[in-house]
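Chemist: So here's model_28.cif (mmCIF, C-alpha atoms (C1' of nucleotides)).
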data_work
loop_
_atom_site.group_PDB
_atom_site.id
_atom_site.type_symbol
_atom_site.label_atom_id
_atom_site.label_comp_id
_atom_site.auth_asym_id
_atom_site.auth_seq_id
_atom_site.Cartn_x
_atom_site.Cartn_y
_atom_site.Cartn_z
ATOM 1 C CA MET O 1 10.429 -25.221 3.247
ATOM 2 C CA ILE O 2 13.867 -23.707 3.678
ATOM 3 C CA PHE O 3 15.916 -25.028 6.554
ATOM 4 C CA ARG O 4 18.876 -22.989 7.715
ATOM 5 C CA ILE O 5 21.629 -25.069 9.318
ATOM 6 C CA ALA O 6 24.656 -23.647 11.087
ATOM 7 C CA THR O 7 27.767 -25.454 12.294
ATOM 8 C CA TRP O 8 30.189 -23.823 14.682
ATOM 9 C CA ASN O 9 33.149 -24.886 16.793
ATOM 10 C CA VAL O 10 32.508 -22.567 19.720
ATOM 11 C CA ASN O 11 35.468 -23.593 21.911
ATOM 12 C CA SER O 12 33.339 -23.728 25.097
ATOM 13 C CA ILE O 13 29.587 -23.203 24.797
ATOM 14 C CA ARG O 14 29.397 -21.527 28.208
ATOM 15 C CA ARG O 15 32.017 -18.958 27.251
ATOM 16 C CA ARG O 16 30.286 -18.347 23.927
ATOM 17 C CA LEU O 17 26.626 -17.964 24.872
ATOM 18 C CA PRO O 18 26.550 -14.232 24.020
ATOM 19 C CA SER O 19 28.077 -15.015 20.627
ATOM 20 C CA ILE O 20 25.534 -17.753 20.002
ATOM 21 C CA LYS O 21 22.762 -15.279 20.804
ATOM 22 C CA ARG O 22 24.320 -12.835 18.349
ATOM 23 C CA LEU O 23 24.415 -15.517 15.650
ATOM 24 C CA VAL O 24 20.737 -16.211 16.287
ATOM 25 C CA ASP O 25 19.891 -12.495 16.165
ATOM 26 C CA THR O 26 21.736 -11.958 12.898
ATOM 27 C CA THR O 27 21.274 -15.274 11.079
ATOM 28 C CA ASN O 28 18.448 -17.118 12.854
ATOM 29 C CA PRO O 29 19.306 -20.725 11.962
ATOM 30 C CA ASP O 30 16.716 -23.497 12.376
ATOM 31 C CA ILE O 31 19.408 -25.859 13.596
ATOM 32 C CA ILE O 32 22.755 -25.083 15.243
ATOM 33 C CA CYS O 33 25.387 -27.799 15.432
ATOM 34 C CA LEU O 34 28.162 -27.105 17.913
ATOM 35 C CA GLN O 35 31.581 -28.594 18.510
ATOM 36 C CA GLU O 36 34.004 -28.241 21.408
ATOM 37 C CA THR O 37 31.199 -27.502 23.836
ATOM 38 C CA LYS O 38 33.594 -28.541 26.627
ATOM 39 C CA VAL O 39 30.861 -29.336 29.096
ATOM 40 C CA GLU O 40 29.338 -32.395 30.722
ATOM 41 C CA ASP O 41 25.748 -33.133 29.733
ATOM 42 C CA ASN O 42 24.374 -32.293 33.176
ATOM 43 C CA LYS O 43 25.962 -28.836 32.961
ATOM 44 C CA PHE O 44 24.924 -28.105 29.368
ATOM 45 C CA PRO O 45 23.086 -24.761 29.093
ATOM 46 C CA THR O 46 19.823 -26.473 28.146
ATOM 47 C CA LEU O 47 17.593 -23.654 29.360
ATOM 48 C CA GLU O 48 19.670 -20.913 27.755
ATOM 49 C CA MET O 49 19.531 -22.629 24.367
ATOM 50 C CA ALA O 50 15.814 -23.284 24.791
ATOM 51 C CA ALA O 51 15.304 -19.593 25.566
ATOM 52 C CA LEU O 52 16.879 -18.802 22.197
ATOM 53 C CA GLY O 53 14.296 -21.098 20.609
ATOM 54 C CA TYR O 54 16.294 -24.305 20.444
ATOM 55 C CA LYS O 55 14.199 -26.524 22.657
ATOM 56 C CA GLU O 56 15.170 -29.722 20.867
ATOM 57 C CA GLN O 57 18.684 -30.803 21.770
ATOM 58 C CA ALA O 58 20.902 -33.805 21.157
ATOM 59 C CA ILE O 59 24.015 -33.462 23.267
ATOM 60 C CA TYR O 60 27.101 -35.520 23.913
ATOM 61 C CA GLY O 61 29.679 -33.847 26.081
ATOM 62 C CA GLN O 62 32.399 -34.357 28.631
ATOM 63 C CA LYS O 63 34.420 -32.289 31.026
ATOM 64 C CA SER O 64 36.953 -29.798 29.625
ATOM 65 C CA TYR O 65 37.492 -31.332 26.203
ATOM 66 C CA HIS O 66 35.587 -32.079 23.000
ATOM 67 C CA GLY O 67 31.790 -32.257 23.158
ATOM 68 C CA VAL O 68 29.166 -31.921 20.421
ATOM 69 C CA ALA O 69 25.568 -30.745 20.352
ATOM 70 C CA ILE O 70 22.668 -30.357 17.946
ATOM 71 C CA CYS O 71 20.195 -27.641 18.955
ATOM 72 C CA SER O 72 17.039 -27.305 16.904
ATOM 73 C CA ARG O 73 13.784 -25.402 16.524
ATOM 74 C CA HIS O 74 12.381 -28.499 14.807
ATOM 75 C CA ASP O 75 11.622 -31.982 16.117
ATOM 76 C CA LEU O 76 14.586 -34.249 16.667
ATOM 77 C CA SER O 77 14.300 -37.983 17.140
ATOM 78 C CA GLY O 78 16.490 -41.067 17.305
ATOM 79 C CA LYS O 79 19.211 -39.164 19.156
ATOM 80 C CA ARG O 80 22.422 -41.180 19.352
ATOM 81 C CA HIS O 81 26.106 -40.722 19.914
ATOM 82 C CA ARG O 82 29.008 -42.884 18.928
ATOM 83 C CA ASP O 83 32.654 -43.300 19.889
ATOM 84 C CA TRP O 84 35.484 -43.787 17.428
ATOM 85 C CA ALA O 85 39.120 -44.807 17.191
ATOM 86 C CA GLY O 86 39.138 -46.676 20.478
ATOM 87 C CA THR O 87 38.401 -43.598 22.605
ATOM 88 C CA THR O 88 35.442 -42.299 24.586
ATOM 89 C CA GLU O 89 35.972 -38.715 23.490
ATOM 90 C CA ALA O 90 32.686 -36.971 22.751
ATOM 91 C CA ARG O 91 33.055 -36.302 19.041
ATOM 92 C CA HIS O 92 29.902 -37.532 17.299
ATOM 93 C CA VAL O 93 26.207 -37.011 17.868
ATOM 94 C CA TYR O 94 23.453 -37.675 15.361
ATOM 95 C CA CYS O 95 19.693 -37.742 15.045
ATOM 96 C CA TRP O 96 16.760 -37.416 12.686
ATOM 97 C CA ILE O 97 15.140 -34.114 11.785
ATOM 98 C CA HIS O 98 11.362 -34.553 11.523
ATOM 99 C CA SER O 99 12.096 -38.295 11.205
ATOM 100 C CA THR O 100 13.052 -37.768 7.565
ATOM 101 C CA ILE O 101 16.566 -36.297 7.405
ATOM 102 C CA LYS O 102 19.552 -37.843 9.161
ATOM 103 C CA LEU O 103 21.964 -35.271 10.604
ATOM 104 C CA HIS O 104 25.490 -36.113 11.767
ATOM 105 C CA ASN O 105 27.609 -33.699 13.784
ATOM 106 C CA PHE O 106 31.335 -34.493 14.094
ATOM 107 C CA TYR O 107 34.361 -33.098 15.833
ATOM 108 C CA VAL O 108 37.279 -34.872 14.163
ATOM 109 C CA PRO O 109 40.522 -35.019 16.200
ATOM 110 C CA ALA O 110 42.927 -32.186 15.416
ATOM 111 C CA GLY O 111 45.834 -34.637 15.241
ATOM 112 C CA GLY O 112 48.652 -32.920 17.103
ATOM 113 C CA ASP O 113 51.608 -31.246 15.461
ATOM 114 C CA GLN O 114 53.728 -33.916 13.828
ATOM 115 C CA PRO O 115 52.210 -35.361 10.623
ATOM 116 C CA ASN O 116 53.692 -38.812 11.169
ATOM 117 C CA PRO O 117 51.401 -41.575 12.492
ATOM 118 C CA GLN O 118 54.396 -43.627 13.657
ATOM 119 C CA LYS O 119 55.703 -40.840 15.871
ATOM 120 C CA ASN O 120 52.482 -39.057 16.773
ATOM 121 C CA LYS O 121 49.637 -41.021 18.353
ATOM 122 C CA LYS O 122 47.204 -38.148 17.904
ATOM 123 C CA PHE O 123 47.795 -38.076 14.168
ATOM 124 C CA GLN O 124 47.431 -41.863 14.080
ATOM 125 C CA GLN O 125 44.125 -41.525 15.933
ATOM 126 C CA LYS O 126 42.918 -38.903 13.462
ATOM 127 C CA LEU O 127 43.622 -41.180 10.493
ATOM 128 C CA LEU O 128 42.006 -44.153 12.263
ATOM 129 C CA PHE O 129 38.947 -42.030 13.048
ATOM 130 C CA LEU O 130 38.557 -41.187 9.354
ATOM 131 C CA GLU O 131 39.116 -44.826 8.317
ATOM 132 C CA GLU O 132 36.464 -46.058 10.710
ATOM 133 C CA LEU O 133 34.010 -43.428 9.489
ATOM 134 C CA THR O 134 34.691 -44.506 5.927
ATOM 135 C CA THR O 135 33.927 -48.151 6.754
ATOM 136 C CA TRP O 136 30.808 -47.203 8.705
ATOM 137 C CA PHE O 137 29.312 -44.936 6.054
ATOM 138 C CA SER O 138 30.282 -47.367 3.271
ATOM 139 C CA GLY O 139 27.822 -49.848 4.781
ATOM 140 C CA GLN O 140 24.917 -47.385 4.590
ATOM 141 C CA THR O 141 22.732 -46.221 1.753
ATOM 142 C CA PRO O 142 23.722 -42.589 1.177
ATOM 143 C CA SER O 143 20.389 -40.818 1.107
ATOM 144 C CA ARG O 144 18.563 -37.966 2.848
ATOM 145 C CA ALA O 145 21.502 -37.161 5.092
ATOM 146 C CA ILE O 146 23.550 -34.138 6.134
ATOM 147 C CA LEU O 147 26.981 -34.257 7.759
ATOM 148 C CA VAL O 148 28.449 -31.203 9.447
ATOM 149 C CA GLY O 149 31.253 -30.388 11.765
ATOM 150 C CA ASP O 150 34.785 -29.418 12.515
ATOM 151 C CA LEU O 151 36.554 -32.024 10.408
ATOM 152 C CA ASN O 152 39.938 -30.432 11.146
ATOM 153 C CA ILE O 153 41.045 -30.875 7.528
ATOM 154 C CA ALA O 154 41.265 -28.256 4.797
ATOM 155 C CA PRO O 155 41.196 -30.405 1.644
ATOM 156 C CA LEU O 156 41.552 -27.917 -1.223
ATOM 157 C CA GLU O 157 44.366 -25.572 -2.165
ATOM 158 C CA ASN O 158 42.104 -22.582 -1.624
ATOM 159 C CA ASP O 159 40.971 -23.929 1.742
ATOM 160 C CA VAL O 160 44.234 -22.616 3.210
ATOM 161 C CA TRP O 161 46.033 -19.282 2.994
ATOM 162 C CA SER O 162 49.112 -20.925 1.480
ATOM 163 C CA HIS O 163 48.981 -24.409 -0.007
ATOM 164 C CA HIS O 164 52.753 -24.418 -0.334
ATOM 165 C CA GLN O 165 53.476 -23.348 3.234
ATOM 166 C CA LEU O 166 50.922 -25.685 4.811
ATOM 167 C CA ILE O 167 51.524 -28.828 2.778
ATOM 168 C CA ASN O 168 53.343 -30.424 5.726
ATOM 169 C CA VAL O 169 51.195 -28.873 8.434
ATOM 170 C CA VAL O 170 48.600 -31.099 10.101
ATOM 171 C CA SER O 171 45.148 -30.206 8.659
ATOM 172 C CA HIS O 172 46.405 -29.919 5.072
ATOM 173 C CA THR O 173 48.825 -32.844 4.570
ATOM 174 C CA PRO O 174 48.248 -35.139 1.568
ATOM 175 C CA VAL O 175 47.594 -38.224 3.717
ATOM 176 C CA GLU O 176 44.774 -36.522 5.641
ATOM 177 C CA VAL O 177 43.294 -34.976 2.536
ATOM 178 C CA ALA O 178 43.336 -38.401 0.850
ATOM 179 C CA ALA O 179 41.592 -39.932 3.865
ATOM 180 C CA LEU O 180 38.937 -37.205 3.835
ATOM 181 C CA ASN O 181 38.379 -37.563 0.088
ATOM 182 C CA LYS O 182 38.032 -41.326 0.496
ATOM 183 C CA LEU O 183 35.438 -40.792 3.211
ATOM 184 C CA MET O 184 33.498 -38.502 0.876
ATOM 185 C CA ARG O 185 33.761 -40.873 -2.087
ATOM 186 C CA LYS O 186 32.989 -44.137 -0.283
ATOM 187 C CA GLY O 187 30.431 -42.598 2.056
ATOM 188 C CA GLY O 188 28.567 -40.967 -0.799
ATOM 189 C CA TRP O 189 28.960 -37.381 0.422
ATOM 190 C CA ILE O 190 29.127 -34.134 -1.525
ATOM 191 C CA ASP O 191 30.819 -30.995 -0.199
ATOM 192 C CA ALA O 192 27.759 -28.738 -0.255
ATOM 193 C CA VAL O 193 29.660 -25.547 0.536
ATOM 194 C CA ARG O 194 32.113 -25.985 -2.326
ATOM 195 C CA HIS O 195 29.205 -26.984 -4.571
ATOM 196 C CA LEU O 196 27.992 -23.411 -4.154
ATOM 197 C CA ILE O 197 31.252 -21.503 -3.719
ATOM 198 C CA PRO O 198 33.830 -22.032 -6.505
ATOM 199 C CA GLU O 199 37.039 -23.855 -5.625
ATOM 200 C CA THR O 200 38.954 -20.918 -7.064
ATOM 201 C CA ASP O 201 37.765 -18.711 -4.185
ATOM 202 C CA LYS O 202 39.750 -18.685 -0.958
ATOM 203 C CA LEU O 203 37.425 -19.788 1.843
ATOM 204 C CA PHE O 204 38.339 -20.055 5.526
ATOM 205 C CA THR O 205 36.421 -20.937 8.692
ATOM 206 C CA TRP O 206 39.266 -20.810 11.232
ATOM 207 C CA TRP O 207 41.920 -18.260 12.126
ATOM 208 C CA SER O 208 44.460 -18.969 14.860
ATOM 209 C CA TYR O 209 44.304 -17.147 18.163
ATOM 210 C CA ARG O 210 48.088 -16.827 17.902
ATOM 211 C CA SER O 211 47.945 -13.888 15.570
ATOM 212 C CA SER O 212 47.965 -10.267 16.531
ATOM 213 C CA ASP O 213 45.573 -9.367 13.724
ATOM 214 C CA TRP O 214 43.682 -12.348 12.265
ATOM 215 C CA LYS O 215 41.926 -10.176 9.707
ATOM 216 C CA ALA O 216 44.983 -8.354 8.399
ATOM 217 C CA SER O 217 47.171 -11.465 8.142
ATOM 218 C CA ASN O 218 44.179 -13.605 7.053
ATOM 219 C CA ARG O 219 46.113 -16.836 7.493
ATOM 220 C CA GLY O 220 43.002 -18.972 7.691
ATOM 221 C CA ARG O 221 41.959 -22.515 6.931
ATOM 222 C CA ARG O 222 38.616 -24.122 6.022
ATOM 223 C CA LEU O 223 38.284 -26.778 8.714
ATOM 224 C CA ASP O 224 34.504 -26.722 9.146
ATOM 225 C CA HIS O 225 32.270 -28.387 6.610
ATOM 226 C CA ILE O 226 28.741 -29.179 5.511
ATOM 227 C CA TRP O 227 28.199 -32.234 3.347
ATOM 228 C CA VAL O 228 25.012 -33.723 1.932
ATOM 229 C CA THR O 229 24.071 -36.939 0.161
ATOM 230 C CA PRO O 230 23.662 -36.683 -3.643
ATOM 231 C CA ASP O 231 19.851 -36.813 -3.509
ATOM 232 C CA LEU O 232 19.863 -33.534 -1.553
ATOM 233 C CA ILE O 233 22.439 -31.557 -3.494
ATOM 234 C CA ALA O 234 19.842 -29.949 -5.753
ATOM 235 C CA ASN O 235 18.050 -28.705 -2.631
ATOM 236 C CA VAL O 236 21.068 -26.796 -1.358
ATOM 237 C CA LYS O 237 20.406 -23.130 -1.990
ATOM 238 C CA LEU O 238 22.971 -20.957 -0.247
ATOM 239 C CA ALA O 239 26.047 -21.313 1.936
ATOM 240 C CA TRP O 240 28.396 -18.854 3.559
ATOM 241 C CA VAL O 241 30.876 -18.375 6.373
ATOM 242 C CA VAL O 242 29.968 -15.826 9.050
ATOM 243 C CA ASP O 243 33.569 -14.641 9.166
ATOM 244 C CA SER O 244 32.558 -11.460 10.986
ATOM 245 C CA ALA O 245 31.956 -13.675 14.042
ATOM 246 C CA ARG O 246 35.713 -14.149 14.317
ATOM 247 C CA GLY O 247 35.840 -10.433 15.206
ATOM 248 C CA TRP O 248 33.037 -10.425 17.775
ATOM 249 C CA PRO O 249 33.945 -9.904 21.446
ATOM 250 C CA VAL O 250 35.507 -12.951 23.128
ATOM 251 C CA PRO O 251 35.557 -14.863 19.852
ATOM 252 C CA SER O 252 35.950 -18.526 19.080
ATOM 253 C CA ASP O 253 38.853 -19.194 16.734
ATOM 254 C CA HIS O 254 36.289 -20.755 14.364
ATOM 255 C CA ALA O 255 33.551 -18.935 12.464
ATOM 256 C CA PRO O 256 30.098 -20.430 11.841
ATOM 257 C CA VAL O 257 29.277 -22.017 8.488
ATOM 258 C CA VAL O 258 25.641 -21.598 7.445
ATOM 259 C CA MET O 259 23.637 -23.335 4.738
ATOM 260 C CA ASP O 260 20.088 -23.004 3.445
ATOM 261 C CA ILE O 261 18.506 -26.200 2.163
ATOM 262 C CA ASP O 262 15.005 -26.737 0.785
ATOM 263 C CA LEU O 263 13.532 -29.760 2.510
ATOM 264 C "C1'" DA H 251 63.598 -23.640 15.965
ATOM 265 C "C1'" DT H 252 60.407 -21.184 18.684
ATOM 266 C "C1'" DG H 253 56.520 -18.795 20.295
ATOM 267 C "C1'" DG H 254 52.596 -16.517 19.758
ATOM 268 C "C1'" DT H 255 46.705 -16.906 22.419
ATOM 269 C "C1'" DG H 256 42.669 -18.948 24.439
ATOM 270 C "C1'" DG H 257 39.727 -22.473 27.367
ATOM 271 C "C1'" DA H 258 39.182 -25.450 31.280
ATOM 272 C "C1'" DA H 259 41.384 -26.034 34.873
ATOM 273 C "C1'" DG H 260 43.594 -24.458 39.217
ATOM 274 C "C1'" DG H 261 48.632 -27.936 36.976
ATOM 275 C "C1'" DT H 262 48.875 -28.700 32.712
ATOM 276 C "C1'" DC H 263 46.776 -30.414 28.529
ATOM 277 C "C1'" DC H 264 44.770 -29.330 24.288
ATOM 278 C "C1'" DA H 265 43.787 -26.595 20.235
#
Let's see the structure in the file written out as structure tokens.

Modeler:
Amino acid sequence: MIFRIATWNVNSIRRRLPSIKRLVDTTNPDIICLQETKVEDNKFPTLEMAALGYKEQAIYGQKSYHGVAICSRHDLSGKRHRDWAGTTEARHVYCWIHSTIKLHNFYVPAGGDQPNPQKNKKFQQKLLFLEELTTWFSGQTPSRAILVGDLNIAPLENDVWSHHQLINVVSHTPVEVAALNKLMRKGGWIDAVRHLIPETDKLFTWWSYRSSDWKASNRGRRLDHIWVTPDLIANVKLAWVVDSARGWPVPSDHAPVVMDIDL
DNA sequence: ATGGTGGAAGGTCCA
């Protein structure tokens, strides 16, 4: 049975409900993982998501900032959330799908502007977040699991519009990329999207709001990811970025990433 | 070196 999973940093779920409906109408995912929902759990649009068919929900939110959610047409169980890097920011929710597949949804800290952990606490927190994830996943058996989210790092040269011009820009610096690669290696994760789309192809999931014409300038980055454990990689069938969503009315600055997997 | 825009707020922080 083919499962279709989408991950999307919506930058406020309440502001983006029409866009979420449009994604459902055009792509019809079985599971939608959201980041930056920016809403407390008691104000989450539970009924609106249920009306779209996503009656199963695992949410972890807070006022104004951060917030993650897993909305599903299929049974979810063992819903949990976890805090990282000494904060209580809502950046990680996870659960089981049909009690057989573990699904993690992350919103990794952006890290501020200055790529120096001594001078920038936000960048320090980002690196610590990744280190703690690495330790946590290193203690687990990497099987039957999917990890999605806005990881706020574009690891490959063709994950950014200009490797040269972004090498010292937070999201593409060598120290972050090394930390992300270590998390993948030690945690036993495979980049499912790049497994299907060659590394020689430019691939972006985010385009800044601070551009008069995001499409014409196309100065994007691939910050949003879908990873799977090695035992599932053969089941991954198709992945793409719904980049048209960046041009929908009242857009998020991120586009959804969608993957089909045979489970 | 700076600012550009958007969201949640209702001043300012964050991306």

Chemist: Enumerate as a ChimeraX atom specification the residues belonging to chain O that approach chain H to within 9 Å, with only C-alpha atoms (C1' of nucleotides) taken into account.

Modeler: /O:11-12,15,38,63-65,110,112,208-212,252-253

Chemist: Exactly which residues make up the result of the PyMOL selection byres ((chain O and resi 22) around 12) on this file, given as a list of chain:residue names?

Modeler: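 Output of the PyMOL selection byres ((chain O and resi 22) around 12): O:Arg16, O:Leu17, O:Pro18, O:Ser19, O:Ile20, O:Lys21, O:Leu23, O:Val24, O:Asp25, O:Thr26, O:Thr27, O:Asn28, O:Pro29, O:Leu52, O:Val242, O:Ser244, O:Ala245, O:Trp248, O:Pro249, O:Pro251, O:Pro256.
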
Chemist: Write a file of the selected residues as a tab-separated table (two decimals), keeping the file's coordinate frame, keeping C-alpha atoms.

Modeler:
chain	number	residue	atom	x	y	z
O	16	ARG	CA	30.29	-18.35	23.93
O	17	LEU	CA	26.63	-17.96	24.87
O	18	PRO	CA	26.55	-14.23	24.02
O	19	SER	CA	28.08	-15.02	20.63
O	20	ILE	CA	25.53	-17.75	20.00
O	21	LYS	CA	22.76	-15.28	20.80
O	23	LEU	CA	24.42	-15.52	15.65
O	24	VAL	CA	20.74	-16.21	16.29
O	25	ASP	CA	19.89	-12.50	16.16
O	26	THR	CA	21.74	-11.96	12.90
O	27	THR	CA	21.27	-15.27	11.08
O	28	ASN	CA	18.45	-17.12	12.85
O	29	PRO	CA	19.31	-20.72	11.96
O	52	LEU	CA	16.88	-18.80	22.20
O	242	VAL	CA	29.97	-15.83	9.05
O	244	SER	CA	32.56	-11.46	10.99
O	245	ALA	CA	31.96	-13.68	14.04
O	248	TRP	CA	33.04	-10.42	17.77
O	249	PRO	CA	33.94	-9.90	21.45
O	251	PRO	CA	35.56	-14.86	19.85
O	256	PRO	CA	30.10	-20.43	11.84

Chemist: For Cys95 (chain O), which residue among O:Pro109, O:Gly78, O:Gly187, O:Pro45 is the nearest when counting only C-alpha atoms?

Modeler: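 Closest to Cys95 (chain O), using only C-alpha atoms: O:Gly78.
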
Chemist: Report, in Å to a single decimal, how far apart CA of Val148 (chain O) and CA of Ile5 (chain O) are.

Modeler: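 Value for the CA of Ile5 (chain O)-CA of Val148 (chain O) distance: 9.2 Å.
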
Chemist: With only C-alpha atoms as the basis for distance, which of O:Glu36, O:Asp113, O:Asp30, O:Asp243 is at the shortest distance from Asp75 (chain O)?

Modeler: O:Asp30

Chemist: Fewer than 6 positions away in the same chain doesn't count, so skip those; otherwise give me all residues within 10 Å of Ile197 (chain O), counting all atoms listed in the file, as a ChimeraX atom specification.

Modeler: /O:203,238-240

Chemist: Between CA of His74 (chain O) and CA of Leu103 (chain O), what distance in Å does the model show, to one decimal?

Modeler: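 Here the two named atoms are 12.5 Å from each other.
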
Chemist: Suppose you want the space between CA of Gly53 (chain O) and CA of Arg73 (chain O); what is it in Å?

Modeler: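 The value is 6.0 Å.
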
Chemist: Just checking: using only C-alpha atoms, which residue out of O:Glu157, O:Glu131, O:Asp260, O:Asp150 ends up closest to Ala192 (chain O)?

Modeler: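 Looking only at the distances to Ala192 (chain O), the closest residue turns out to be O:Asp260.
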
Chemist: Mind checking which residues fall within 7 Å of His172 (chain O), counting all atoms listed in the file, ignoring those fewer than 5 positions away in the same chain, and posting them as a list of chain:residue names?

Modeler: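 The filter keeps O:Ile153, O:Ala154, O:Pro155, O:Leu166, O:Ile167, O:Val177.
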
Chemist: Write out as a compact mmCIF listing (two decimals) with C-alpha atoms, in the coordinates of the input each polymer residue whose atoms come within 12 Å of Thr7 (chain O), counting only C-alpha atoms (C1' of nucleotides); drop sequence neighbours fewer than 2 positions from it.

Modeler:
# COMPACT_ATOMS: atom_id res chain seq x y z
CA ARG O 4 18.88 -22.99 7.72
CA ILE O 5 21.63 -25.07 9.32
CA ASN O 9 33.15 -24.89 16.79
CA VAL O 10 32.51 -22.57 19.72
CA ILE O 20 25.53 -17.75 20.00
CA LEU O 23 24.42 -15.52 15.65
CA PRO O 29 19.31 -20.72 11.96
CA ASP O 30 16.72 -23.50 12.38
CA ILE O 31 19.41 -25.86 13.60
CA ILE O 32 22.76 -25.08 15.24
CA CYS O 33 25.39 -27.80 15.43
CA LEU O 34 28.16 -27.10 17.91
CA GLN O 35 31.58 -28.59 18.51
CA GLU O 36 34.00 -28.24 21.41
CA VAL O 68 29.17 -31.92 20.42
CA ALA O 69 25.57 -30.74 20.35
CA ILE O 70 22.67 -30.36 17.95
CA CYS O 71 20.20 -27.64 18.95
CA SER O 72 17.04 -27.30 16.90
CA LEU O 103 21.96 -35.27 10.60
CA HIS O 104 25.49 -36.11 11.77
CA ASN O 105 27.61 -33.70 13.78
CA PHE O 106 31.34 -34.49 14.09
CA TYR O 107 34.36 -33.10 15.83
CA ILE O 146 23.55 -34.14 6.13
CA LEU O 147 26.98 -34.26 7.76
CA VAL O 148 28.45 -31.20 9.45
CA GLY O 149 31.25 -30.39 11.76
CA ASP O 150 34.78 -29.42 12.52
CA LEU O 151 36.55 -32.02 10.41
CA VAL O 193 29.66 -25.55 0.54
CA THR O 205 36.42 -20.94 8.69
CA LEU O 223 38.28 -26.78 8.71
CA ASP O 224 34.50 -26.72 9.15
CA HIS O 225 32.27 -28.39 6.61
CA ILE O 226 28.74 -29.18 5.51
CA TRP O 227 28.20 -32.23 3.35
CA ALA O 239 26.05 -21.31 1.94
CA TRP O 240 28.40 -18.85 3.56
CA VAL O 241 30.88 -18.38 6.37
CA VAL O 242 29.97 -15.83 9.05
CA HIS O 254 36.29 -20.76 14.36
CA ALA O 255 33.55 -18.93 12.46
CA PRO O 256 30.10 -20.43 11.84
CA VAL O 257 29.28 -22.02 8.49
CA VAL O 258 25.64 -21.60 7.44
CA MET O 259 23.64 -23.34 4.74
CA ASP O 260 20.09 -23.00 3.44

Chemist: Which residues match the PyMOL selection byres ((chain O and resi 127) around 12) in the file above, as a PDB file with C-alpha atoms, keeping the file's coordinate frame?

Modeler:
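Final output, saved to out-v2.pdb:
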ATOM      1  CA  TRP O  84      35.484 -43.787  17.428  1.00  0.00           C
ATOM      2  CA  ALA O  85      39.120 -44.807  17.191  1.00  0.00           C
ATOM      3  CA  VAL O 108      37.279 -34.872  14.163  1.00  0.00           C
ATOM      4  CA  PRO O 109      40.522 -35.019  16.200  1.00  0.00           C
ATOM      5  CA  ALA O 110      42.927 -32.186  15.416  1.00  0.00           C
ATOM      6  CA  GLY O 111      45.834 -34.637  15.241  1.00  0.00           C
ATOM      7  CA  GLY O 112      48.652 -32.920  17.103  1.00  0.00           C
ATOM      8  CA  PRO O 115      52.210 -35.361  10.623  1.00  0.00           C
ATOM      9  CA  ASN O 116      53.692 -38.812  11.169  1.00  0.00           C
ATOM     10  CA  PRO O 117      51.401 -41.575  12.492  1.00  0.00           C
ATOM     11  CA  GLN O 118      54.396 -43.627  13.657  1.00  0.00           C
ATOM     12  CA  ASN O 120      52.482 -39.057  16.773  1.00  0.00           C
ATOM     13  CA  LYS O 121      49.637 -41.021  18.353  1.00  0.00           C
ATOM     14  CA  LYS O 122      47.204 -38.148  17.904  1.00  0.00           C
ATOM     15  CA  PHE O 123      47.795 -38.076  14.168  1.00  0.00           C
ATOM     16  CA  GLN O 124      47.431 -41.863  14.080  1.00  0.00           C
ATOM     17  CA  GLN O 125      44.125 -41.525  15.933  1.00  0.00           C
ATOM     18  CA  LYS O 126      42.918 -38.903  13.462  1.00  0.00           C
ATOM     19  CA  LEU O 128      42.006 -44.153  12.263  1.00  0.00           C
ATOM     20  CA  PHE O 129      38.947 -42.030  13.048  1.00  0.00           C
ATOM     21  CA  LEU O 130      38.557 -41.187   9.354  1.00  0.00           C
ATOM     22  CA  GLU O 131      39.116 -44.826   8.317  1.00  0.00           C
ATOM     23  CA  GLU O 132      36.464 -46.058  10.710  1.00  0.00           C
ATOM     24  CA  LEU O 133      34.010 -43.428   9.489  1.00  0.00           C
ATOM     25  CA  THR O 134      34.691 -44.506   5.927  1.00  0.00           C
ATOM     26  CA  LEU O 151      36.554 -32.024  10.408  1.00  0.00           C
ATOM     27  CA  ASN O 152      39.938 -30.432  11.146  1.00  0.00           C
ATOM     28  CA  ILE O 153      41.045 -30.875   7.528  1.00  0.00           C
ATOM     29  CA  VAL O 170      48.600 -31.099  10.101  1.00  0.00           C
ATOM     30  CA  SER O 171      45.148 -30.206   8.659  1.00  0.00           C
ATOM     31  CA  THR O 173      48.825 -32.844   4.570  1.00  0.00           C
ATOM     32  CA  PRO O 174      48.248 -35.139   1.568  1.00  0.00           C
ATOM     33  CA  VAL O 175      47.594 -38.224   3.717  1.00  0.00           C
ATOM     34  CA  GLU O 176      44.774 -36.522   5.641  1.00  0.00           C
ATOM     35  CA  VAL O 177      43.294 -34.976   2.536  1.00  0.00           C
ATOM     36  CA  ALA O 178      43.336 -38.401   0.850  1.00  0.00           C
ATOM     37  CA  ALA O 179      41.592 -39.932   3.865  1.00  0.00           C
ATOM     38  CA  LEU O 180      38.937 -37.205   3.835  1.00  0.00           C
ATOM     39  CA  LYS O 182      38.032 -41.326   0.496  1.00  0.00           C
ATOM     40  CA  LEU O 183      35.438 -40.792   3.211  1.00  0.00           C
TER      41      LEU O 183
END
